[in-house]
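**Q** Below is a structure I'd like to ask you about.
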Amino acid sequence: MFSSAVNGGQTTMEIAMRHPEVVRKIILASTFYKRDGAYPWLWDGLKTATLKDMPQPLQDAYLKVTPDSNGLLTMFTKDRQRMLDFKDWKTEDIHSINAPAFIIIADQDVVRPEHAVEMYRLLPHARLSILPGLHGGYLGEITTGMEHSNIPELTVTMIEEFLNAPMPERN
């Protein structure tokens, strides 16, 4: 499973906690499990965000796949509300995730590096990578200005190595 905070990192962890039998490994990209794991400016911005605040290249990409501006607004509104409604999880719930986890963030991400380290220490079989750049840049996100960077290819290599690594002994 692969997920990020903005589009489902919490959902991936939730599935790993509730249904561990269906989860082999998880990749948590820019994911947090407590509200204070993200910088306060994220929450402040979300309170007043409108579709106009969504970067135009992301809107264009959505409309290229699904040419429905009402659908775009619905997706934006639901994603924004899902983030605003997020409630902290208990540390013991995170610690209960026994699937190997690969945590990836950027050093200028919405997730605080200290929080990523905290998650790394809570997850029994975790790996952690903090890469240079902005939120999503390590994945090649088109609004980060990192289009000439080799970091997305490095990220893919690290993900492949993680996914291909042998499974650890289960606790």
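Residues in the structure tokens are numbered from 1 in each chain, the chains being A, B, ... in the order shown, and ligands are numbered from 1 in the order shown.
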Need to verify the contact set: stretch 100-105 of chain A, 8 Å, only C-alpha atoms, exclusion of same-chain residues closer than 3 positions in sequence. Can you return it as a PyMOL selection string?
**A** chain A and resi 24-31+109+111+113+116+120+123-131+135+138+159+162+167-168
**Q** Quick one: residues within 9 Å of stretch 52-64 of chain A, only C-alpha atoms counted, chain neighbours fewer than 3 positions away excluded, as number ranges by chain?
**A** A: 49, 67-69, 71-72, 76, 142-143
**Q** Given only C-alpha atoms as the basis, pick out the residue of A:Val110, A:Val65, A:Lys90, A:Asn98 nearest to A:Leu42.
**A**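 Selected residue with least distance to A:Leu42: A:Val110.
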**Q** Which neighbours of A:Ile151 fall inside 10 Å, counting only C-alpha atoms, when residues of the same chain fewer than 4 positions from it are skipped, and could you give them as a list in words?
**A**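 Near A:Ile151, the qualifying residues are Leu131, Pro132, Gly133, Gly137, Tyr138, Leu139, Gly140, Met146, Glu147, Thr155, Val156 and Thr157 of chain A.
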**Q** Between atom CA of A:Lys34 and atom CA of A:Thr91, measure the distance and give it in Å to one decimal.
**A** 9.1 Å
**Q** Which one is closest to A:Ile94: A:Met119, A:Leu134, A:Ala106, A:Ile15? Count only C-alpha atoms.
**A**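 The answer is A:Met119, which sits nearest to A:Ile94.
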**Q** Residues of chain A in helix (DSSP H, G or I) according to DSSP, as number ranges by chain?
**A** A: 9-18, 20-22, 35-37, 40-48, 51-53, 56-65, 69-84, 91-95, 113-122, 137-139, 151-164
**Q** Identify, with DSSP run on backbone atoms, the residues in stretch 47-135 of chain A assigned to strand (DSSP E), and express the list as a ChimeraX atom specification.
**A** /A:101-108,126-134
**Q** Write the residues of the preceding selection, restricted to N, CA, C and O atoms, as a short mmCIF file (atom, residue, chain, number, x, y, z; two decimals), in the first residue's frame.
**A**
data_model
loop_
_atom_site.label_atom_id
_atom_site.label_comp_id
_atom_site.auth_asym_id
_atom_site.auth_seq_id
_atom_site.Cartn_x
_atom_site.Cartn_y
_atom_site.Cartn_z
N ALA A 101 7.04 -0.73 7.44
CA ALA A 101 6.60 0.59 7.00
C ALA A 101 7.80 1.40 6.52
O ALA A 101 8.85 1.39 7.15
N PHE A 102 7.63 2.07 5.41
CA PHE A 102 8.65 2.98 4.89
C PHE A 102 8.06 4.38 4.96
O PHE A 102 7.09 4.69 4.28
N ILE A 103 8.62 5.21 5.81
CA ILE A 103 8.17 6.58 6.01
C ILE A 103 9.07 7.49 5.18
O ILE A 103 10.30 7.44 5.31
N ILE A 104 8.46 8.32 4.35
CA ILE A 104 9.20 9.24 3.49
C ILE A 104 8.61 10.63 3.65
O ILE A 104 7.39 10.81 3.54
N ILE A 105 9.47 11.60 3.92
CA ILE A 105 9.05 13.00 3.92
C ILE A 105 10.15 13.84 3.28
O ILE A 105 11.26 13.35 3.04
N ALA A 106 9.85 15.09 3.05
CA ALA A 106 10.84 16.05 2.57
C ALA A 106 11.25 16.94 3.73
O ALA A 106 10.50 17.10 4.70
N ASP A 107 12.42 17.53 3.63
CA ASP A 107 12.88 18.39 4.72
C ASP A 107 12.11 19.71 4.77
O ASP A 107 12.19 20.42 5.77
N GLN A 108 11.33 20.02 3.74
CA GLN A 108 10.47 21.21 3.74
C GLN A 108 9.02 20.78 3.49
O GLN A 108 8.30 21.39 2.73
N ALA A 126 10.07 -0.27 10.86
CA ALA A 126 10.04 0.94 10.03
C ALA A 126 11.41 1.29 9.47
O ALA A 126 12.44 0.98 10.06
N ARG A 127 11.35 1.97 8.34
CA ARG A 127 12.50 2.63 7.74
C ARG A 127 12.06 4.08 7.53
O ARG A 127 10.88 4.37 7.36
N LEU A 128 13.03 4.98 7.52
CA LEU A 128 12.73 6.41 7.41
C LEU A 128 13.67 7.06 6.42
O LEU A 128 14.87 6.81 6.43
N SER A 129 13.10 7.91 5.58
CA SER A 129 13.90 8.71 4.66
C SER A 129 13.38 10.14 4.68
O SER A 129 12.18 10.38 4.48
N ILE A 130 14.29 11.07 4.95
CA ILE A 130 13.97 12.50 4.87
C ILE A 130 14.81 13.06 3.73
O ILE A 130 16.04 13.12 3.83
N LEU A 131 14.14 13.42 2.66
CA LEU A 131 14.82 13.87 1.43
C LEU A 131 14.72 15.38 1.28
O LEU A 131 13.79 16.00 1.79
N PRO A 132 15.66 15.98 0.57
CA PRO A 132 15.59 17.43 0.37
C PRO A 132 14.43 17.80 -0.56
O PRO A 132 14.07 17.05 -1.45
N GLY A 133 13.84 18.94 -0.27
CA GLY A 133 12.81 19.47 -1.15
C GLY A 133 11.52 19.79 -0.45
O GLY A 133 11.42 19.77 0.78
N LEU A 134 10.52 20.08 -1.27
CA LEU A 134 9.19 20.46 -0.80
C LEU A 134 8.28 19.25 -0.73
O LEU A 134 8.58 18.19 -1.30
#
**Q** May I ask for the distance between atom CA of A:Glu114 and atom CA of A:Phe32, given in Å to one decimal place?
**A**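 Answer for the atom CA of A:Glu114 to atom CA of A:Phe32 separation: 10.7 Å.
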**Q** In terms of the shortest atom-to-atom distance over only C-alpha atoms, which of A:Trp89, A:Thr50, A:Val117, A:His95 is closest to A:Met75?
**A**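 For A:Met75, the nearest of the given residues is A:Thr50.
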